[in-house]
Structures are given as structure tokens and as C-alpha cells.
$ cat start_27.tsv   # TSV, C-alpha atoms
chain	number	residue	atom	x	y	z
A	1	LEU	CA	196.17	-127.89	-38.15
A	2	SER	CA	194.69	-129.66	-41.17
A	3	GLU	CA	195.80	-129.06	-44.76
A	4	ARG	CA	192.72	-126.85	-45.22
A	5	VAL	CA	190.93	-124.93	-42.47
A	6	HIS	CA	187.70	-122.94	-42.64
A	7	ILE	CA	187.83	-120.09	-40.12
A	8	GLU	CA	184.33	-119.04	-39.10
A	9	GLY	CA	182.56	-117.44	-36.12
A	10	ASP	CA	184.10	-114.50	-34.28
A	11	ASP	CA	187.60	-115.26	-35.61
A	12	GLY	CA	186.41	-115.40	-39.20
A	13	HIS	CA	184.47	-112.16	-38.84
A	14	HIS	CA	187.41	-110.38	-37.21
A	15	LEU	CA	189.94	-111.46	-39.82
A	16	GLN	CA	187.74	-110.98	-42.88
A	17	ARG	CA	185.57	-108.01	-41.93
A	18	VAL	CA	187.67	-106.08	-39.38
A	19	ARG	CA	191.27	-106.88	-40.36
A	20	ARG	CA	190.20	-107.10	-44.02
A	21	LEU	CA	192.57	-109.92	-44.90
A	22	ARG	CA	192.40	-110.93	-48.54
A	23	ILE	CA	193.11	-113.92	-50.76
A	24	GLY	CA	196.85	-114.51	-51.13
A	25	GLU	CA	197.80	-113.19	-47.69
A	26	HIS	CA	199.43	-115.50	-45.14
A	27	VAL	CA	198.32	-116.25	-41.58
A	28	THR	CA	199.64	-118.46	-38.79
A	29	LEU	CA	197.29	-120.87	-37.05
A	30	ALA	CA	198.07	-122.50	-33.70
A	31	ASP	CA	196.40	-125.32	-31.81
A	32	GLY	CA	196.80	-123.70	-28.37
A	33	SER	CA	199.10	-126.51	-27.18
A	34	GLY	CA	202.35	-125.38	-28.78
A	35	ARG	CA	202.00	-126.35	-32.45
A	36	TRP	CA	201.58	-123.84	-35.27
A	37	ARG	CA	201.51	-123.81	-39.06
A	38	LEU	CA	201.71	-121.27	-41.88
A	39	TYR	CA	198.67	-120.91	-44.15
A	40	GLU	CA	197.63	-118.92	-47.22
A	41	ILE	CA	194.16	-117.46	-47.61
A	42	THR	CA	192.58	-119.10	-50.67
A	43	ASP	CA	188.96	-117.98	-50.30
A	44	ALA	CA	187.15	-115.30	-48.33
A	45	PRO	CA	183.39	-115.89	-48.07
A	46	ARG	CA	181.52	-113.21	-46.15
A	47	GLY	CA	182.55	-113.30	-42.49
A	48	SER	CA	184.95	-116.24	-42.87
A	49	LEU	CA	188.19	-117.40	-44.47
A	50	VAL	CA	189.40	-120.59	-46.14
A	51	VAL	CA	193.13	-121.20	-45.69
A	52	ASP	CA	195.46	-123.85	-47.12
A	53	ALA	CA	198.69	-125.00	-45.50
A	54	ARG	CA	201.93	-123.60	-46.91
A	55	GLY	CA	204.33	-125.31	-44.51
A	56	GLU	CA	204.66	-128.22	-42.14
A	57	PRO	CA	203.48	-128.01	-38.52
A	58	GLU	CA	206.09	-126.56	-36.16
A	59	THR	CA	206.46	-126.75	-32.37
A	60	GLU	CA	207.44	-123.67	-30.39
A	61	PRO	CA	209.89	-123.84	-27.46
A	62	ASP	CA	208.59	-124.56	-23.97
A	63	LEU	CA	209.91	-123.81	-20.50
A	64	THR	CA	211.76	-126.21	-18.23
A	65	PRO	CA	210.73	-125.93	-15.43
A	66	ARG	CA	207.33	-124.54	-16.31
A	67	VAL	CA	205.82	-121.74	-14.25
A	68	ALA	CA	202.26	-121.77	-12.91
A	69	VAL	CA	200.72	-118.94	-10.92
A	70	ALA	CA	198.06	-119.17	-8.20
A	71	LEU	CA	196.96	-115.65	-7.32
A	72	ALA	CA	194.43	-114.30	-4.87
A	73	LEU	CA	191.35	-112.42	-6.00
A	74	THR	CA	191.88	-108.68	-6.17
A	75	LYS	CA	189.59	-105.66	-6.54
A	76	GLY	CA	190.63	-105.21	-10.15
A	77	GLY	CA	193.29	-105.86	-12.73
A	78	LEU	CA	192.89	-109.63	-13.06
A	79	GLU	CA	192.33	-109.43	-16.81
A	80	SER	CA	195.46	-107.34	-17.30
A	81	VAL	CA	197.46	-109.70	-15.07
A	82	ALA	CA	196.25	-112.75	-17.03
A	83	ALA	CA	197.22	-111.09	-20.31
A	84	ARG	CA	200.71	-110.14	-19.11
A	85	LEU	CA	201.34	-113.61	-17.61
A	86	THR	CA	200.33	-115.13	-20.94
A	87	GLU	CA	202.75	-112.89	-22.82
A	88	ILE	CA	205.76	-113.83	-20.69
A	89	GLY	CA	205.15	-117.58	-20.90
A	90	VAL	CA	203.27	-118.74	-17.79
A	91	HIS	CA	201.86	-122.25	-18.24
A	92	ARG	CA	198.84	-122.14	-15.93
A	93	ILE	CA	196.91	-119.52	-13.94
A	94	SER	CA	194.69	-120.35	-10.96
A	95	LEU	CA	192.61	-118.08	-8.74
A	96	LEU	CA	192.68	-118.35	-4.95
A	97	ALA	CA	190.13	-117.51	-2.29
A	98	THR	CA	191.98	-116.25	0.80
A	99	GLN	CA	190.97	-114.73	4.14
A	100	ARG	CA	192.02	-111.21	3.27
A	101	CYS	CA	190.53	-111.09	-0.21
A	102	VAL	CA	188.38	-107.97	-0.48
A	103	VAL	CA	186.52	-109.56	-3.39
A	104	LYS	CA	184.19	-112.49	-2.68
A	105	TRP	CA	182.84	-114.38	-5.69
A	106	GLU	CA	179.66	-116.40	-5.68
A	107	ALA	CA	179.60	-119.54	-7.85
A	108	ALA	CA	177.89	-117.91	-10.85
A	109	ARG	CA	180.24	-114.93	-10.86
A	110	ALA	CA	183.28	-117.17	-10.46
A	111	THR	CA	182.25	-119.22	-13.49
A	112	ALA	CA	181.63	-116.16	-15.66
A	113	ALA	CA	184.85	-114.44	-14.58
A	114	THR	CA	186.93	-117.55	-15.19
A	115	GLU	CA	185.50	-117.91	-18.70
A	116	ARG	CA	186.33	-114.26	-19.35
A	117	LEU	CA	189.92	-114.81	-18.23
A	118	ARG	CA	190.21	-117.78	-20.59
A	119	SER	CA	189.12	-115.53	-23.43
A	120	VAL	CA	191.65	-112.88	-22.36
A	121	ALA	CA	194.45	-115.47	-22.27
A	122	ARG	CA	193.55	-116.70	-25.76
A	123	GLU	CA	193.55	-113.15	-27.14
A	124	ALA	CA	196.87	-112.37	-25.44
A	125	ALA	CA	198.44	-115.54	-26.85
A	126	ALA	CA	197.33	-114.57	-30.36
A	127	GLN	CA	198.58	-111.00	-29.95
A	128	SER	CA	201.99	-112.16	-28.69
A	129	ARG	CA	202.20	-114.94	-31.32
A	130	ARG	CA	202.32	-117.62	-28.65
A	131	ALA	CA	201.12	-121.06	-29.74
A	132	ARG	CA	200.39	-122.19	-26.17
A	133	VAL	CA	197.36	-120.77	-24.40
A	134	PRO	CA	197.82	-121.05	-20.63
A	135	GLU	CA	195.30	-123.08	-18.68
A	136	ILE	CA	192.97	-120.99	-16.51
A	137	GLY	CA	191.90	-122.99	-13.49
A	138	ASP	CA	188.72	-122.61	-11.45
A	139	LEU	CA	188.63	-120.64	-8.21
A	140	VAL	CA	189.96	-122.77	-5.33
A	141	ASP	CA	190.60	-122.30	-1.61
A	142	ILE	CA	194.23	-121.60	-0.77
A	143	ARG	CA	194.23	-124.59	1.60
A	144	SER	CA	194.04	-126.90	-1.41
A	145	LEU	CA	197.70	-126.08	-2.16
A	146	ALA	CA	199.01	-126.94	1.32
A	147	GLY	CA	201.84	-129.47	1.40
A	148	ARG	CA	202.58	-129.44	-2.32
A	149	PRO	CA	206.31	-129.71	-3.15
A	150	ASP	CA	206.10	-127.43	-6.19
A	151	VAL	CA	204.89	-124.33	-4.33
A	152	VAL	CA	206.90	-121.10	-4.08
A	153	VAL	CA	205.37	-118.22	-2.10
A	154	ALA	CA	205.93	-114.63	-3.21
A	155	ASP	CA	207.26	-112.84	-0.14
A	156	ARG	CA	209.24	-109.60	0.24
A	157	GLU	CA	211.30	-111.29	2.97
A	158	GLY	CA	212.13	-114.32	0.84
A	159	VAL	CA	215.27	-115.32	-1.05
A	160	ALA	CA	216.51	-114.33	-4.46
A	161	VAL	CA	215.44	-116.49	-7.40
A	162	SER	CA	219.01	-117.71	-7.82
A	163	GLU	CA	218.77	-119.48	-4.46
A	164	LEU	CA	215.71	-121.58	-5.33
A	165	ALA	CA	216.09	-125.28	-6.01
A	166	GLU	CA	214.41	-126.58	-9.14
A	167	PRO	CA	210.98	-128.13	-8.50
A	168	PRO	CA	210.91	-131.94	-8.30
A	169	ASP	CA	208.16	-132.37	-10.89
A	170	GLY	CA	209.33	-129.84	-13.48
A	171	GLU	CA	206.97	-127.00	-12.53
A	172	TRP	CA	206.97	-124.17	-10.02
A	173	THR	CA	203.59	-123.04	-8.66
A	174	LEU	CA	203.91	-119.44	-7.52
A	175	VAL	CA	201.44	-118.41	-4.79
A	176	VAL	CA	200.65	-114.69	-4.63
A	177	GLY	CA	198.48	-113.23	-1.87
A	178	PRO	CA	195.88	-110.43	-1.98
A	179	GLU	CA	196.28	-106.72	-1.25
A	180	GLY	CA	196.64	-107.31	2.49
A	181	GLY	CA	198.93	-110.30	2.13
A	182	LEU	CA	198.35	-113.82	3.37
A	183	ALA	CA	197.00	-114.29	6.88
A	184	PRO	CA	199.44	-115.86	9.39
A	185	GLU	CA	197.55	-119.16	9.39
A	186	GLU	CA	197.65	-119.21	5.59
A	187	ARG	CA	201.39	-118.58	5.58
A	188	ALA	CA	201.74	-121.48	8.01
A	189	LEU	CA	200.14	-123.80	5.45
A	190	PHE	CA	203.28	-123.75	3.34
A	191	ASP	CA	206.61	-125.24	4.30
A	192	ALA	CA	207.81	-123.86	1.00
A	193	PRO	CA	210.52	-121.49	-0.22
A	194	ARG	CA	209.76	-117.78	-0.26
A	195	LEU	CA	210.69	-115.76	-3.33
A	196	ALA	CA	211.55	-112.06	-3.16
A	197	VAL	CA	211.94	-109.88	-6.24
A	198	GLY	CA	213.14	-106.76	-4.47
A	199	PRO	CA	212.88	-104.79	-1.22
A	200	TYR	CA	209.71	-102.88	-2.07
A	201	VAL	CA	206.04	-103.52	-1.45
A	202	LEU	CA	204.44	-104.45	-4.77
A	203	ARG	CA	200.81	-104.02	-5.71
A	204	ALA	CA	198.77	-107.22	-5.93
A	205	GLU	CA	198.64	-106.95	-9.72
A	206	THR	CA	202.39	-106.25	-10.02
A	207	ALA	CA	203.70	-109.03	-7.78
A	208	PRO	CA	202.59	-112.04	-9.88
A	209	ILE	CA	204.11	-110.57	-13.04
A	210	ALA	CA	207.42	-109.61	-11.42
A	211	ALA	CA	207.83	-112.91	-9.56
A	212	SER	CA	206.81	-114.99	-12.58
A	213	ALA	CA	209.29	-113.15	-14.77
A	214	ALA	CA	212.03	-113.90	-12.23
A	215	LEU	CA	211.20	-117.62	-12.29
A	216	ILE	CA	211.01	-117.68	-16.08
A	217	GLY	CA	214.45	-116.08	-16.15
A	218	ARG	CA	215.72	-119.14	-14.27
A	219	ALA	CA	214.09	-121.58	-16.69
A	220	ARG	CA	215.35	-122.92	-20.01
A	221	TRP	CA	213.58	-122.64	-23.35
A	222	SER	CA	213.72	-125.76	-25.50
A	223	VAL	CA	211.65	-127.46	-28.20
A	224	PRO	CA	209.90	-130.58	-26.83
A	225	GLU	CA	210.93	-133.84	-28.47
$ encode --input "start_27.tsv" --output "C-alpha cells"
Amino acid sequence: LSERVHIEGDDGHHLQRVRRLRIGEHVTLADGSGRWRLYEITDAPRGSLVVDARGEPETEPDLTPRVAVALALTKGGLESVAARLTEIGVHRISLLATQRCVVKWEAARATAATERLRSVAREAAAQSRRARVPEIGDLVDIRSLAGRPDVVVADREGVAVSELAEPPDGEWTLVVGPEGGLAPEERALFDAPRLAVGPYVLRAETAPIAASAALIGRARWSVPE
């Protein structure tokens, strides 16, 4: 967030050639970690913009506790889920390989898909005017989360969000299974609270959004010192 920034590449092309922003208009730039600043366009070379600061850097509110989501691979909808989780304020999104996942990713596909989700999260943050872009973690086996004190498992037979204790390290990690749910041996991995958001069976792409929104409703928004 320097005093002057030259916006080039895909962002510069989009703003100057597609959005047709002109000299004298104002834009907000963010660093992806919670800080943002107001700028004025002072020059518009072809396919790029030059902007000068017109305010001091600001810091947007953050959640306490934060909410992270670890969700199983599904047949579709991951991009939409990542975008919606970004919009509501989730801090980190991880992908899980589980026994009942219909989708199986090889290493090359996992890398490409994860990079695509990072791009989706960045676009969703910009669209929703969020200065924090959530982290998108690599695909991991669900067993890597066993024994962690921050885990909450989405489960229709769980408790209401009001009954959850706050996580010891300032962050909940919500685990959401695939279309067929977690296998019994996977459920046994977690001596963790179960969170229910209603009596109905939710689709795999609905559950992470609904459960995350419930946890965020329990959290507090404040500006970091």
C-alpha cells in the first residue's frame, strides 16, 4: 500500500479496459491481510493504471475466534463454496480426502484445483470488499486433523452453536464430510464437539456455509491492535 501504485497485468487490464476506469476516479486497494487504502487514479496507460494514495492505511475488523473450514472433496460446487465462505468471513479453507469422497484427485489435479480456488477466493474478497483473502490450504488426509483441540465436526445430531465452548487457541476448525458423510472410523478420530445447524440433511455444498455462518454469529468483530 505504497503512496503510488502501478496496477498492471490482469488487474490493470480489467480495471482500465473492461471497467473503463478513468483519471480522477477513486479505487480501494487491499493487501490481502486486512489493510486497505483509498487511492485516486492519476494516469491510465493502456492496460494499466497509476494510482496515488488519498488516505492513510486502514485495518478492517477481524473475527475472534476466527473460523477455518476443512471440507471434503465433492463432485462439484467447491468454487461456489469457497466464494461464499470468503464473503461471510472465513479465515482459512482446507480440502480433505476422506473414505467416502466420490472425487479422487491425483497430485497434478489437486495442485491445479487448489490454485483455482485461491483465485476464486481473491475474486470473492474483491467483490465483497473484504481486505483479507482467506488462506486456501493444500489437500490433506482427514487423519491429519485427529486430536486437534480446535476441531468442531458438522453433524446433524450435534449441539446448537450456543452450547459450544470457545476454542483454546482463538480459532475453530470446522470439519465437514462428503456427500455420504464421514465413515465410522473417521468419526472416531475426533473427540470433538459436534455442531448441528438444524434437523435437516444438508447438501455437501450447503453444510459448510450454514455451519460456518453459525460459528461466525458466535464470534466478535473487532479491529486488531
$ atom_distance --input "start_27.tsv" --atom1 "atom CA of A:Glu106" --atom2 "atom CA of A:Thr173"
25.0 Å
$ atom_distance --input "start_27.tsv" --atom1 "atom CA of A:Arg156" --atom2 "atom CA of A:Asp191"
16.4 Å
$ closest_residue --input "start_27.tsv" --among "A:Ala146, A:Val120, A:Val81, A:Val18" --to "A:Phe190" --atoms "all atoms listed in the file"
A:Ala146
$ axis_aligned_box --input "start_27.tsv" --around "stretch 192-209 of chain A" --padding-each-side "3 Å" --output "lines of an AutoDock Vina configuration file"
center_x = 205.9
center_y = -113.4
center_z = -6.0
size_x = 20.5
size_y = 27.0
size_z = 20.0
$ closest_residue --input "start_27.tsv" --among "A:Leu73, A:Ser80, A:His6, A:Pro65" --to "A:Val50" --atoms "all atoms listed in the file"
A:His6
$ residues_around --input "start_27.tsv" --residues "A:Leu139" --least-positions-apart "5" --cutoff "8 Å" --atoms "only C-alpha atoms" --output "mmCIF file with C-alpha atoms, keeping the file's coordinate frame"
data_model
loop_
_atom_site.group_PDB
_atom_site.id
_atom_site.type_symbol
_atom_site.label_atom_id
_atom_site.label_comp_id
_atom_site.auth_asym_id
_atom_site.auth_seq_id
_atom_site.Cartn_x
_atom_site.Cartn_y
_atom_site.Cartn_z
ATOM 1 C CA SER A 94 194.690 -120.350 -10.960
ATOM 2 C CA LEU A 95 192.610 -118.080 -8.740
ATOM 3 C CA LEU A 96 192.680 -118.350 -4.950
ATOM 4 C CA ALA A 97 190.130 -117.510 -2.290
ATOM 5 C CA ALA A 110 183.280 -117.170 -10.460
ATOM 6 C CA THR A 114 186.930 -117.550 -15.190
#
$ build_atoms --input "start_27.tsv" --residues "stretch 205-225 of chain A" --atoms "N, CA and C atoms" --output "PDB file, keeping the file's coordinate frame"
ATOM      1  N   GLU A 205     198.599-106.628  -8.294  1.00  0.00           N
ATOM      2  CA  GLU A 205     198.640-106.950  -9.720  1.00  0.00           C
ATOM      3  C   GLU A 205     200.055-106.890 -10.293  1.00  0.00           C
ATOM      4  N   THR A 206     200.996-106.301  -9.567  1.00  0.00           N
ATOM      5  CA  THR A 206     202.390-106.250 -10.020  1.00  0.00           C
ATOM      6  C   THR A 206     203.169-107.482  -9.577  1.00  0.00           C
ATOM      7  N   ALA A 207     202.920-107.943  -8.361  1.00  0.00           N
ATOM      8  CA  ALA A 207     203.700-109.030  -7.780  1.00  0.00           C
ATOM      9  C   ALA A 207     203.698-110.312  -8.612  1.00  0.00           C
ATOM     10  N   PRO A 208     202.548-110.794  -9.115  1.00  0.00           N
ATOM     11  CA  PRO A 208     202.590-112.040  -9.880  1.00  0.00           C
ATOM     12  C   PRO A 208     203.392-111.920 -11.168  1.00  0.00           C
ATOM     13  N   ILE A 209     203.356-110.749 -11.795  1.00  0.00           N
ATOM     14  CA  ILE A 209     204.110-110.570 -13.040  1.00  0.00           C
ATOM     15  C   ILE A 209     205.604-110.520 -12.756  1.00  0.00           C
ATOM     16  N   ALA A 210     206.002-109.749 -11.738  1.00  0.00           N
ATOM     17  CA  ALA A 210     207.420-109.610 -11.420  1.00  0.00           C
ATOM     18  C   ALA A 210     208.009-110.944 -10.962  1.00  0.00           C
ATOM     19  N   ALA A 211     207.306-111.649 -10.070  1.00  0.00           N
ATOM     20  CA  ALA A 211     207.830-112.910  -9.560  1.00  0.00           C
ATOM     21  C   ALA A 211     207.846-113.991 -10.642  1.00  0.00           C
ATOM     22  N   SER A 212     206.828-114.013 -11.481  1.00  0.00           N
ATOM     23  CA  SER A 212     206.810-114.990 -12.580  1.00  0.00           C
ATOM     24  C   SER A 212     207.949-114.733 -13.559  1.00  0.00           C
ATOM     25  N   ALA A 213     208.189-113.478 -13.864  1.00  0.00           N
ATOM     26  CA  ALA A 213     209.290-113.150 -14.770  1.00  0.00           C
ATOM     27  C   ALA A 213     210.630-113.587 -14.190  1.00  0.00           C
ATOM     28  N   ALA A 214     210.789-113.454 -12.872  1.00  0.00           N
ATOM     29  CA  ALA A 214     212.030-113.900 -12.230  1.00  0.00           C
ATOM     30  C   ALA A 214     212.196-115.412 -12.376  1.00  0.00           C
ATOM     31  N   LEU A 215     211.126-116.170 -12.148  1.00  0.00           N
ATOM     32  CA  LEU A 215     211.200-117.620 -12.290  1.00  0.00           C
ATOM     33  C   LEU A 215     211.464-118.030 -13.734  1.00  0.00           C
ATOM     34  N   ILE A 216     210.801-117.361 -14.669  1.00  0.00           N
ATOM     35  CA  ILE A 216     211.010-117.680 -16.080  1.00  0.00           C
ATOM     36  C   ILE A 216     212.456-117.390 -16.485  1.00  0.00           C
ATOM     37  N   GLY A 217     213.042-116.354 -15.875  1.00  0.00           N
ATOM     38  CA  GLY A 217     214.450-116.080 -16.150  1.00  0.00           C
ATOM     39  C   GLY A 217     215.372-117.191 -15.698  1.00  0.00           C
ATOM     40  N   ARG A 218     214.942-117.998 -14.724  1.00  0.00           N
ATOM     41  CA  ARG A 218     215.720-119.140 -14.270  1.00  0.00           C
ATOM     42  C   ARG A 218     215.533-120.374 -15.135  1.00  0.00           C
ATOM     43  N   ALA A 219     214.448-120.398 -15.911  1.00  0.00           N
ATOM     44  CA  ALA A 219     214.090-121.580 -16.690  1.00  0.00           C
ATOM     45  C   ALA A 219     214.851-121.619 -18.020  1.00  0.00           C
ATOM     46  N   ARG A 220     214.706-122.729 -18.709  1.00  0.00           N
ATOM     47  CA  ARG A 220     215.350-122.920 -20.010  1.00  0.00           C
ATOM     48  C   ARG A 220     214.267-123.101 -21.072  1.00  0.00           C
ATOM     49  N   TRP A 221     214.500-122.474 -22.230  1.00  0.00           N
ATOM     50  CA  TRP A 221     213.580-122.640 -23.350  1.00  0.00           C
ATOM     51  C   TRP A 221     214.123-123.737 -24.265  1.00  0.00           C
ATOM     52  N   SER A 222     213.287-124.695 -24.602  1.00  0.00           N
ATOM     53  CA  SER A 222     213.720-125.760 -25.500  1.00  0.00           C
ATOM     54  C   SER A 222     212.496-126.291 -26.251  1.00  0.00           C
ATOM     55  N   VAL A 223     212.728-126.878 -27.409  1.00  0.00           N
ATOM     56  CA  VAL A 223     211.650-127.460 -28.200  1.00  0.00           C
ATOM     57  C   VAL A 223     211.412-128.881 -27.718  1.00  0.00           C
ATOM     58  N   PRO A 224     210.188-129.227 -27.291  1.00  0.00           N
ATOM     59  CA  PRO A 224     209.900-130.580 -26.830  1.00  0.00           C
ATOM     60  C   PRO A 224     210.168-131.611 -27.918  1.00  0.00           C
ATOM     61  N   GLU A 225     210.667-132.786 -27.497  1.00  0.00           N
ATOM     62  CA  GLU A 225     210.930-133.840 -28.470  1.00  0.00           C
ATOM     63  C   GLU A 225     209.643-134.508 -28.897  1.00  0.00           C
TER      64      GLU A 225
END
